[in-house]
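The structure appears below as structure tokens.
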There are 2 protein chains.
Amino acid sequence: MKELKQRSTCSISTSLDVLGDKWTLLIVRDIVFAGKSTYGQFLQSAEKMATNILADRLALLEAQGILTKAVAADKKSKFTYRLTEKGVDIVPILVEFILWGAKHGPTIVDPGLLAELQTGKEAAVAKYQQLAREKALT
Amino acid sequence: MKELKQRSTCSISTSLDVLGDKWTLLIVRDIVFAGKSTYGQFLQSAEKMATNILADRLALLEAQGILTKAVAADKKSKFTYRLTEKGVDIVPILVEFILWGAKHGPTIVDPGLLAELQTGKEAAVAKYQQLAREKALT
DNA sequence: ATTTTTTACTTGCAATTTGCAAGCATTATA
DNA sequence: TATAATGCTTGCAAATTGCAAGTAAAAAAT
């Protein structure tokens, strides 16, 4: 796992030190918007993350206190990854990426989600944050 | 300049295809919050971006229609980089990175800016977007 | 007029990171 | 007891990054 180095004291820069790559936020996305929680589920996403990259990023996110790793309730050979409060606080960032991509990129967004975000962003953010918190308790 | 490839149709993923690295958003930050506009000014930031990386990212951002490059008003040997509307729409993303970093990271944020963002996020976003638009006209 | 400086890059190369394929270890199922 | 599921680890080539030096056009200084 690559070690984290802080490039400056700027909060945008330090956020990018942790989240600034092509894969990390996709894991958080999968937890928040796709209800995923296991290594195998993350691997099945459309972007086809490599197994070593996934393992590296999960370890990094855990080390940063963004998610927790626990043995699954049903199987001892399975692990469940959930968001901490620090992770739940990433939801607003994801929402802004959704809105920017939907407006300016060649993307397909669930129309229900998009409408929800465009008509009441704060309420939608709060809703998905609460859903993530509730899953973290199971 | 590395070519852009779209990994999926997810709007978060396509946004990360363009903005998901450690440097790109720092350039946008420097334009929006530090009033910078030239290659030399971007190089002077605290994070010390390498010259080849800066040149690559500026070309990529221009190719993506996020910023424009124009000969400076005072000198023919100088270029001025400004945000397009697509670039101005990145401001909300930057704001969420500021808030997340300020809350969870070891950072130093201008207290005035932080208070402004925490008390009236939407108004602050609109203000910095308008400032960027006005500079783009000069 | 000529040299020096400013400004914006480009180039070469070593080091790091990524991406792909295969292998391994533990637990669960047949 | 063998097979499958699950979560990784390893090896290696390819791509990207980071550092230092070099280049080219325009501006300023002499």
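Starting from 1 in every chain, residues are counted up; chains themselves are A, B, ... following the order of the structure tokens, and ligands are numbered from 1 as listed.
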Residues of chain B within 6 Å of chain A, counting only C-alpha atoms - could you list those as number ranges by chain?
B: 7-12, 15-16, 20-22, 47, 93, 96-98, 101-102, 107-108
Store the residues picked out above in a file with N, CA, C and O atoms, as a compact mmCIF listing (two decimals), in the first residue's frame.
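This went into again-v1.txt:
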```
# COMPACT_ATOMS: atom_id res chain seq x y z
N ARG B 7 -14.42 4.96 -19.02
CA ARG B 7 -14.46 3.61 -18.48
C ARG B 7 -15.86 3.02 -18.38
O ARG B 7 -16.04 1.81 -18.36
N SER B 8 -16.85 3.91 -18.24
CA SER B 8 -18.24 3.47 -18.15
C SER B 8 -19.15 4.65 -18.46
O SER B 8 -18.66 5.73 -18.77
N THR B 9 -20.44 4.45 -18.36
CA THR B 9 -21.38 5.56 -18.60
C THR B 9 -21.82 6.23 -17.31
O THR B 9 -22.65 7.13 -17.34
N CYS B 10 -21.28 5.79 -16.19
CA CYS B 10 -21.61 6.40 -14.90
C CYS B 10 -21.05 7.82 -14.85
O CYS B 10 -19.89 8.06 -15.22
N SER B 11 -21.85 8.76 -14.37
CA SER B 11 -21.42 10.16 -14.40
C SER B 11 -20.30 10.42 -13.39
O SER B 11 -19.45 11.29 -13.62
N ILE B 12 -20.25 9.68 -12.30
CA ILE B 12 -19.13 9.83 -11.37
C ILE B 12 -17.85 9.34 -12.04
O ILE B 12 -16.81 10.00 -12.00
N SER B 15 -16.70 11.74 -14.77
CA SER B 15 -16.11 12.93 -14.15
C SER B 15 -14.69 12.62 -13.68
O SER B 15 -13.77 13.42 -13.89
N LEU B 16 -14.51 11.46 -13.08
CA LEU B 16 -13.18 11.07 -12.61
C LEU B 16 -12.23 10.79 -13.78
O LEU B 16 -11.01 10.99 -13.64
N GLY B 20 -10.09 13.10 -12.12
CA GLY B 20 -9.62 12.21 -11.07
C GLY B 20 -8.12 11.99 -11.06
O GLY B 20 -7.63 10.93 -11.45
N ASP B 21 -7.39 12.96 -10.58
CA ASP B 21 -5.96 12.78 -10.35
C ASP B 21 -5.54 13.81 -9.31
O ASP B 21 -6.36 14.55 -8.80
N LYS B 22 -4.24 13.85 -8.99
CA LYS B 22 -3.82 14.71 -7.88
C LYS B 22 -3.59 16.16 -8.28
O LYS B 22 -3.41 17.02 -7.42
N GLU B 47 2.22 23.18 -3.79
CA GLU B 47 2.37 21.74 -4.09
C GLU B 47 3.50 21.44 -5.07
O GLU B 47 3.85 20.27 -5.27
N ILE B 93 -17.71 21.33 -6.77
CA ILE B 93 -16.88 20.17 -6.41
C ILE B 93 -15.73 20.63 -5.51
O ILE B 93 -15.46 20.03 -4.46
N GLU B 96 -16.88 21.31 -1.96
CA GLU B 96 -17.07 20.11 -1.14
C GLU B 96 -15.74 19.51 -0.70
O GLU B 96 -15.62 18.99 0.41
N PHE B 97 -14.73 19.60 -1.56
CA PHE B 97 -13.40 19.14 -1.15
C PHE B 97 -12.84 20.01 -0.03
O PHE B 97 -12.20 19.51 0.90
N ILE B 98 -13.08 21.31 -0.11
CA ILE B 98 -12.62 22.21 0.96
C ILE B 98 -13.27 21.82 2.29
O ILE B 98 -12.60 21.68 3.31
N GLY B 101 -12.03 18.36 3.56
CA GLY B 101 -10.66 18.46 4.04
C GLY B 101 -10.56 19.26 5.33
O GLY B 101 -9.80 18.90 6.24
N ALA B 102 -11.34 20.32 5.42
CA ALA B 102 -11.31 21.17 6.62
C ALA B 102 -11.84 20.40 7.83
O ALA B 102 -11.35 20.57 8.95
N THR B 107 -5.46 20.48 7.89
CA THR B 107 -5.33 21.56 6.89
C THR B 107 -5.47 22.92 7.53
O THR B 107 -5.93 23.06 8.67
N ILE B 108 -5.08 23.92 6.75
CA ILE B 108 -5.26 25.30 7.17
C ILE B 108 -6.12 25.99 6.11
O ILE B 108 -5.71 26.11 4.96
```
List every residue of region 3-76 of chain B that DSSP, applied to the backbone of this structure, places in helix (DSSP H, G or I), and write the result as an mmCIF file with N, CA, C and O atoms, in the first residue's frame.
```cif
data_model
loop_
_atom_site.group_PDB
_atom_site.id
_atom_site.type_symbol
_atom_site.label_atom_id
_atom_site.label_comp_id
_atom_site.auth_asym_id
_atom_site.auth_seq_id
_atom_site.Cartn_x
_atom_site.Cartn_y
_atom_site.Cartn_z
ATOM 1 N N SER B 11 -21.851 8.759 -14.369
ATOM 2 C CA SER B 11 -21.416 10.160 -14.397
ATOM 3 C C SER B 11 -20.297 10.423 -13.394
ATOM 4 O O SER B 11 -19.454 11.289 -13.625
ATOM 5 N N ILE B 12 -20.253 9.685 -12.298
ATOM 6 C CA ILE B 12 -19.126 9.831 -11.368
ATOM 7 C C ILE B 12 -17.854 9.337 -12.040
ATOM 8 O O ILE B 12 -16.814 9.997 -12.005
ATOM 9 N N SER B 13 -17.949 8.196 -12.692
ATOM 10 C CA SER B 13 -16.797 7.622 -13.381
ATOM 11 C C SER B 13 -16.286 8.531 -14.499
ATOM 12 O O SER B 13 -15.078 8.755 -14.630
ATOM 13 N N THR B 14 -17.191 9.080 -15.306
ATOM 14 C CA THR B 14 -16.746 9.944 -16.412
ATOM 15 C C THR B 14 -16.166 11.254 -15.880
ATOM 16 O O THR B 14 -15.222 11.793 -16.472
ATOM 17 N N SER B 15 -16.701 11.737 -14.768
ATOM 18 C CA SER B 15 -16.107 12.931 -14.151
ATOM 19 C C SER B 15 -14.687 12.622 -13.684
ATOM 20 O O SER B 15 -13.768 13.423 -13.889
ATOM 21 N N LEU B 16 -14.509 11.463 -13.084
ATOM 22 C CA LEU B 16 -13.176 11.067 -12.614
ATOM 23 C C LEU B 16 -12.225 10.794 -13.778
ATOM 24 O O LEU B 16 -11.011 10.987 -13.642
ATOM 25 N N ASP B 17 -12.752 10.345 -14.914
ATOM 26 C CA ASP B 17 -11.897 10.150 -16.093
ATOM 27 C C ASP B 17 -11.162 11.455 -16.423
ATOM 28 O O ASP B 17 -10.018 11.438 -16.862
ATOM 29 N N VAL B 18 -11.838 12.579 -16.197
ATOM 30 C CA VAL B 18 -11.261 13.890 -16.521
ATOM 31 C C VAL B 18 -10.559 14.532 -15.312
ATOM 32 O O VAL B 18 -9.436 15.022 -15.425
ATOM 33 N N LEU B 19 -11.223 14.520 -14.167
ATOM 34 C CA LEU B 19 -10.745 15.281 -13.004
ATOM 35 C C LEU B 19 -10.069 14.427 -11.942
ATOM 36 O O LEU B 19 -9.523 14.966 -10.974
ATOM 37 N N THR B 24 -5.072 18.042 -11.482
ATOM 38 C CA THR B 24 -6.011 18.799 -12.321
ATOM 39 C C THR B 24 -6.857 19.802 -11.532
ATOM 40 O O THR B 24 -6.953 20.974 -11.913
ATOM 41 N N LEU B 25 -7.447 19.349 -10.442
ATOM 42 C CA LEU B 25 -8.326 20.248 -9.680
ATOM 43 C C LEU B 25 -7.545 21.357 -8.977
ATOM 44 O O LEU B 25 -8.116 22.399 -8.638
ATOM 45 N N LEU B 26 -6.240 21.144 -8.769
ATOM 46 C CA LEU B 26 -5.439 22.212 -8.152
ATOM 47 C C LEU B 26 -5.285 23.398 -9.105
ATOM 48 O O LEU B 26 -5.222 24.551 -8.670
ATOM 49 N N ILE B 27 -5.235 23.116 -10.397
ATOM 50 C CA ILE B 27 -5.177 24.204 -11.385
ATOM 51 C C ILE B 27 -6.480 25.012 -11.338
ATOM 52 O O ILE B 27 -6.452 26.241 -11.305
ATOM 53 N N VAL B 28 -7.592 24.302 -11.307
ATOM 54 C CA VAL B 28 -8.890 24.991 -11.236
ATOM 55 C C VAL B 28 -8.985 25.788 -9.934
ATOM 56 O O VAL B 28 -9.445 26.938 -9.917
ATOM 57 N N ARG B 29 -8.517 25.175 -8.846
ATOM 58 C CA ARG B 29 -8.478 25.886 -7.565
ATOM 59 C C ARG B 29 -7.696 27.195 -7.668
ATOM 60 O O ARG B 29 -8.158 28.248 -7.204
ATOM 61 N N ASP B 30 -6.509 27.126 -8.293
ATOM 62 C CA ASP B 30 -5.666 28.315 -8.396
ATOM 63 C C ASP B 30 -6.347 29.427 -9.191
ATOM 64 O O ASP B 30 -6.169 30.612 -8.895
ATOM 65 N N ILE B 31 -7.121 29.051 -10.190
ATOM 66 C CA ILE B 31 -7.838 30.060 -10.979
ATOM 67 C C ILE B 31 -8.969 30.670 -10.148
ATOM 68 O O ILE B 31 -9.126 31.889 -10.081
ATOM 69 N N VAL B 32 -9.736 29.798 -9.472
ATOM 70 C CA VAL B 32 -10.934 30.272 -8.765
ATOM 71 C C VAL B 32 -10.597 30.998 -7.464
ATOM 72 O O VAL B 32 -11.110 32.096 -7.208
ATOM 73 N N PHE B 33 -9.751 30.393 -6.649
ATOM 74 C CA PHE B 33 -9.546 30.944 -5.302
ATOM 75 C C PHE B 33 -8.268 31.758 -5.149
ATOM 76 O O PHE B 33 -8.101 32.471 -4.161
ATOM 77 N N ALA B 34 -7.341 31.657 -6.108
ATOM 78 C CA ALA B 34 -6.106 32.434 -6.006
ATOM 79 C C ALA B 34 -5.960 33.442 -7.142
ATOM 80 O O ALA B 34 -4.981 34.178 -7.190
ATOM 81 N N TYR B 39 0.868 30.118 -16.682
ATOM 82 C CA TYR B 39 1.731 28.955 -16.441
ATOM 83 C C TYR B 39 2.699 29.209 -15.272
ATOM 84 O O TYR B 39 2.814 28.383 -14.366
ATOM 85 N N GLY B 40 3.339 30.342 -15.292
ATOM 86 C CA GLY B 40 4.286 30.676 -14.234
ATOM 87 C C GLY B 40 3.644 30.765 -12.864
ATOM 88 O O GLY B 40 4.220 30.332 -11.867
ATOM 89 N N GLN B 41 2.438 31.310 -12.825
ATOM 90 C CA GLN B 41 1.725 31.414 -11.541
ATOM 91 C C GLN B 41 1.329 30.040 -11.012
ATOM 92 O O GLN B 41 1.445 29.768 -9.823
ATOM 93 N N PHE B 42 0.871 29.157 -11.899
ATOM 94 C CA PHE B 42 0.483 27.808 -11.462
ATOM 95 C C PHE B 42 1.685 27.054 -10.886
ATOM 96 O O PHE B 42 1.562 26.302 -9.918
ATOM 97 N N LEU B 43 2.840 27.287 -11.480
ATOM 98 C CA LEU B 43 4.056 26.604 -11.011
ATOM 99 C C LEU B 43 4.455 27.018 -9.596
ATOM 100 O O LEU B 43 5.121 26.262 -8.885
ATOM 101 N N THR B 51 6.877 20.753 -14.256
ATOM 102 C CA THR B 51 6.526 21.552 -15.436
ATOM 103 C C THR B 51 5.857 20.721 -16.532
ATOM 104 O O THR B 51 4.942 21.196 -17.206
ATOM 105 N N ASN B 52 6.324 19.475 -16.710
ATOM 106 C CA ASN B 52 5.726 18.646 -17.766
ATOM 107 C C ASN B 52 4.296 18.233 -17.410
ATOM 108 O O ASN B 52 3.428 18.179 -18.288
ATOM 109 N N ILE B 53 4.058 17.983 -16.127
ATOM 110 C CA ILE B 53 2.704 17.629 -15.680
ATOM 111 C C ILE B 53 1.770 18.823 -15.872
ATOM 112 O O ILE B 53 0.642 18.684 -16.360
ATOM 113 N N LEU B 54 2.244 19.998 -15.504
ATOM 114 C CA LEU B 54 1.411 21.196 -15.666
ATOM 115 C C LEU B 54 1.041 21.406 -17.136
ATOM 116 O O LEU B 54 -0.131 21.610 -17.468
ATOM 117 N N ALA B 55 2.042 21.313 -18.018
ATOM 118 C CA ALA B 55 1.776 21.510 -19.447
ATOM 119 C C ALA B 55 0.775 20.469 -19.955
ATOM 120 O O ALA B 55 -0.145 20.795 -20.721
ATOM 121 N N ASP B 56 0.938 19.226 -19.510
ATOM 122 C CA ASP B 56 0.026 18.158 -19.927
ATOM 123 C C ASP B 56 -1.399 18.421 -19.465
ATOM 124 O O ASP B 56 -2.351 18.280 -20.232
ATOM 125 N N ARG B 57 -1.550 18.804 -18.185
ATOM 126 C CA ARG B 57 -2.890 19.014 -17.642
ATOM 127 C C ARG B 57 -3.570 20.251 -18.234
ATOM 128 O O ARG B 57 -4.779 20.256 -18.451
ATOM 129 N N LEU B 58 -2.794 21.294 -18.495
ATOM 130 C CA LEU B 58 -3.381 22.482 -19.127
ATOM 131 C C LEU B 58 -3.916 22.118 -20.515
ATOM 132 O O LEU B 58 -5.023 22.514 -20.886
ATOM 133 N N ALA B 59 -3.138 21.334 -21.263
ATOM 134 C CA ALA B 59 -3.579 20.916 -22.603
ATOM 135 C C ALA B 59 -4.826 20.047 -22.514
ATOM 136 O O ALA B 59 -5.761 20.174 -23.316
ATOM 137 N N LEU B 60 -4.854 19.175 -21.506
ATOM 138 C CA LEU B 60 -6.005 18.281 -21.324
ATOM 139 C C LEU B 60 -7.255 19.080 -20.950
ATOM 140 O O LEU B 60 -8.334 18.861 -21.491
ATOM 141 N N LEU B 61 -7.081 20.020 -20.038
ATOM 142 C CA LEU B 61 -8.221 20.845 -19.624
ATOM 143 C C LEU B 61 -8.744 21.690 -20.783
ATOM 144 O O LEU B 61 -9.953 21.888 -20.927
ATOM 145 N N GLU B 62 -7.822 22.173 -21.611
ATOM 146 C CA GLU B 62 -8.247 22.946 -22.774
ATOM 147 C C GLU B 62 -8.981 22.037 -23.762
ATOM 148 O O GLU B 62 -10.050 22.400 -24.276
ATOM 149 N N ALA B 63 -8.427 20.850 -23.986
ATOM 150 C CA ALA B 63 -9.056 19.892 -24.908
ATOM 151 C C ALA B 63 -10.445 19.486 -24.439
ATOM 152 O O ALA B 63 -11.335 19.217 -25.254
#
```
What's the separation between CA of Tyr81 (chain B) and C1' of DT7 (chain C), in Å to one decimal place?
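Between these atoms lies a distance of 14.0 Å.
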CA of Ala132 (chain B) and CA of Leu83 (chain B) are how many Å apart?
6.9 Å
Would you pick out the contacts of DA24 (chain D) at 10 Å or less, using only C-alpha atoms (C1' of nucleotides), so that residues sharing its chain but fewer than 3 positions from it are not included, and give the list as a ChimeraX atom specification?
/C:8-10
Which polymer residues have any atom within 9 Å of an atom of DT17 (chain C), counting only C-alpha atoms (C1' of nucleotides), with same-chain residues fewer than 6 positions away left out, as number ranges by chain?
D: 15-17
DSSP strand (DSSP E) residues within region 22-113 of chain A, as a PyMOL selection string:
chain A and resi 67-71+79-83
Could you write out that same residue set with C-alpha atoms as a tab-separated table (two decimals), in the first residue's frame?
```tsv
chain	number	residue	atom	x	y	z
A	67	LEU	CA	-14.30	2.72	5.95
A	68	THR	CA	-14.27	-0.24	8.32
A	69	LYS	CA	-13.65	-3.88	7.55
A	70	ALA	CA	-15.51	-6.59	9.44
A	71	VAL	CA	-16.18	-10.29	9.05
A	79	PHE	CA	-15.66	-9.27	4.75
A	80	THR	CA	-18.05	-6.38	4.90
A	81	TYR	CA	-16.80	-2.87	4.17
A	82	ARG	CA	-18.89	0.02	5.56
A	83	LEU	CA	-18.47	3.78	5.70
```
Of the residues B:Lys75, B:Lys121, B:Arg133, B:Lys36, which is the one nearest to chain D, using only C-alpha atoms (C1' of nucleotides)?
B:Lys75
At a cut-off of 9 Å, list the chain C residues touching chain A, using only C-alpha atoms (C1' of nucleotides), as a list in words.
DT18, DG19, DC20, DT26, DT27 and DA28 of chain C
Requested write-out: all heavy atoms of the selected residues, as a CSV table (one decimal), in the first residue's frame:
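Contents of the output file result-v1.csv:
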```
chain,number,residue,atom,x,y,z
C,18,DT,P,-1.6,3.8,-8.9
C,18,DT,OP1,-2.6,4.8,-8.9
C,18,DT,OP2,-1.4,2.8,-7.8
C,18,DT,O5',-1.6,3.0,-10.3
C,18,DT,C5',-1.6,3.8,-11.5
C,18,DT,C4',-1.7,2.8,-12.7
C,18,DT,O4',-0.5,2.0,-12.7
C,18,DT,C3',-2.9,1.9,-12.6
C,18,DT,O3',-3.6,2.1,-13.8
C,18,DT,C2',-2.3,0.5,-12.5
C,18,DT,C1',-0.9,0.7,-13.1
C,18,DT,N1,0.2,-0.2,-12.5
C,18,DT,C2,1.0,-1.0,-13.4
C,18,DT,O2,0.7,-1.0,-14.6
C,18,DT,N3,2.0,-1.7,-12.8
C,18,DT,C4,2.4,-1.7,-11.5
C,18,DT,O4,3.3,-2.3,-11.1
C,18,DT,C5,1.6,-0.8,-10.6
C,18,DT,C7,1.9,-0.8,-9.2
C,18,DT,C6,0.5,-0.1,-11.2
C,19,DG,P,-5.0,1.4,-14.1
C,19,DG,OP1,-5.8,2.2,-15.0
C,19,DG,OP2,-5.6,1.1,-12.8
C,19,DG,O5',-4.7,0.0,-14.8
C,19,DG,C5',-4.0,0.1,-16.0
C,19,DG,C4',-3.7,-1.3,-16.5
C,19,DG,O4',-2.6,-1.9,-15.8
C,19,DG,C3',-4.9,-2.3,-16.4
C,19,DG,O3',-5.0,-3.0,-17.6
C,19,DG,C2',-4.5,-3.2,-15.2
C,19,DG,C1',-2.9,-3.2,-15.4
C,19,DG,N9,-2.1,-3.4,-14.2
C,19,DG,C8,-2.4,-2.9,-12.9
C,19,DG,N7,-1.5,-3.3,-12.0
C,19,DG,C5,-0.6,-4.1,-12.8
C,19,DG,C6,0.6,-4.7,-12.4
C,19,DG,O6,1.2,-4.8,-11.3
C,19,DG,N1,1.2,-5.4,-13.5
C,19,DG,C2,0.7,-5.4,-14.7
C,19,DG,N2,1.4,-6.1,-15.6
C,19,DG,N3,-0.4,-4.8,-15.1
C,19,DG,C4,-1.0,-4.2,-14.1
C,20,DC,P,-6.2,-3.8,-18.0
C,20,DC,OP1,-6.6,-3.4,-19.3
C,20,DC,OP2,-7.2,-3.7,-16.9
C,20,DC,O5',-5.7,-5.3,-18.1
C,20,DC,C5',-4.6,-5.6,-18.9
C,20,DC,C4',-3.9,-6.9,-18.5
C,20,DC,O4',-3.2,-6.7,-17.2
C,20,DC,C3',-4.8,-8.1,-18.2
C,20,DC,O3',-4.6,-9.1,-19.1
C,20,DC,C2',-4.5,-8.5,-16.8
C,20,DC,C1',-3.1,-7.9,-16.6
C,20,DC,N1,-2.7,-7.6,-15.1
C,20,DC,C2,-1.6,-8.2,-14.6
C,20,DC,O2,-0.9,-8.9,-15.3
C,20,DC,N3,-1.2,-7.9,-13.3
C,20,DC,C4,-2.0,-7.1,-12.6
C,20,DC,N4,-1.7,-6.9,-11.3
C,20,DC,C5,-3.2,-6.6,-13.1
C,20,DC,C6,-3.5,-6.8,-14.4
C,26,DT,P,-4.0,-20.6,5.5
C,26,DT,OP1,-3.2,-20.1,6.6
C,26,DT,OP2,-3.9,-22.0,5.0
C,26,DT,O5',-5.5,-20.3,5.8
C,26,DT,C5',-6.0,-19.0,5.9
C,26,DT,C4',-7.5,-18.9,5.6
C,26,DT,O4',-7.7,-19.2,4.2
C,26,DT,C3',-8.3,-19.9,6.4
C,26,DT,O3',-9.3,-19.2,7.2
C,26,DT,C2',-9.0,-20.8,5.3
C,26,DT,C1',-9.0,-19.9,4.1
C,26,DT,N1,-9.0,-20.6,2.8
C,26,DT,C2,-10.1,-20.3,1.9
C,26,DT,O2,-11.0,-19.6,2.2
C,26,DT,N3,-10.0,-21.0,0.7
C,26,DT,C4,-9.1,-21.9,0.3
C,26,DT,O4,-9.1,-22.4,-0.8
C,26,DT,C5,-8.0,-22.1,1.3
C,26,DT,C7,-6.9,-23.1,0.9
C,26,DT,C6,-8.0,-21.5,2.5
C,27,DT,P,-10.2,-20.0,8.3
C,27,DT,OP1,-10.4,-19.0,9.4
C,27,DT,OP2,-9.6,-21.3,8.5
C,27,DT,O5',-11.6,-20.1,7.5
C,27,DT,C5',-12.2,-19.0,7.1
C,27,DT,C4',-13.4,-19.3,6.1
C,27,DT,O4',-12.8,-20.0,5.0
C,27,DT,C3',-14.4,-20.3,6.7
C,27,DT,O3',-15.7,-19.7,6.6
C,27,DT,C2',-14.2,-21.6,5.9
C,27,DT,C1',-13.7,-21.0,4.6
C,27,DT,N1,-13.0,-22.0,3.7
C,27,DT,C2,-13.5,-22.2,2.4
C,27,DT,O2,-14.5,-21.6,2.0
C,27,DT,N3,-12.7,-23.1,1.7
C,27,DT,C4,-11.6,-23.7,2.1
C,27,DT,O4,-11.0,-24.5,1.3
C,27,DT,C5,-11.1,-23.5,3.4
C,27,DT,C7,-9.9,-24.2,3.9
C,27,DT,C6,-11.9,-22.6,4.2
C,28,DA,P,-17.0,-20.4,7.1
C,28,DA,OP1,-17.9,-19.3,7.5
C,28,DA,OP2,-16.7,-21.4,8.1
C,28,DA,O5',-17.6,-21.0,5.8
C,28,DA,C5',-17.9,-20.2,4.7
C,28,DA,C4',-18.5,-21.0,3.5
C,28,DA,O4',-17.4,-21.8,3.0
C,28,DA,C3',-19.6,-21.9,3.9
C,28,DA,O3',-20.7,-21.6,3.0
C,28,DA,C2',-19.0,-23.3,3.8
C,28,DA,C1',-18.0,-23.1,2.7
C,28,DA,N9,-16.8,-24.0,2.8
C,28,DA,C8,-16.0,-24.2,3.8
C,28,DA,N7,-15.0,-25.1,3.6
C,28,DA,C5,-15.2,-25.4,2.3
C,28,DA,C6,-14.5,-26.3,1.4
C,28,DA,N6,-13.4,-27.0,1.7
C,28,DA,N1,-15.0,-26.4,0.1
C,28,DA,C2,-16.1,-25.7,-0.2
C,28,DA,N3,-16.8,-24.9,0.5
C,28,DA,C4,-16.3,-24.8,1.7
```
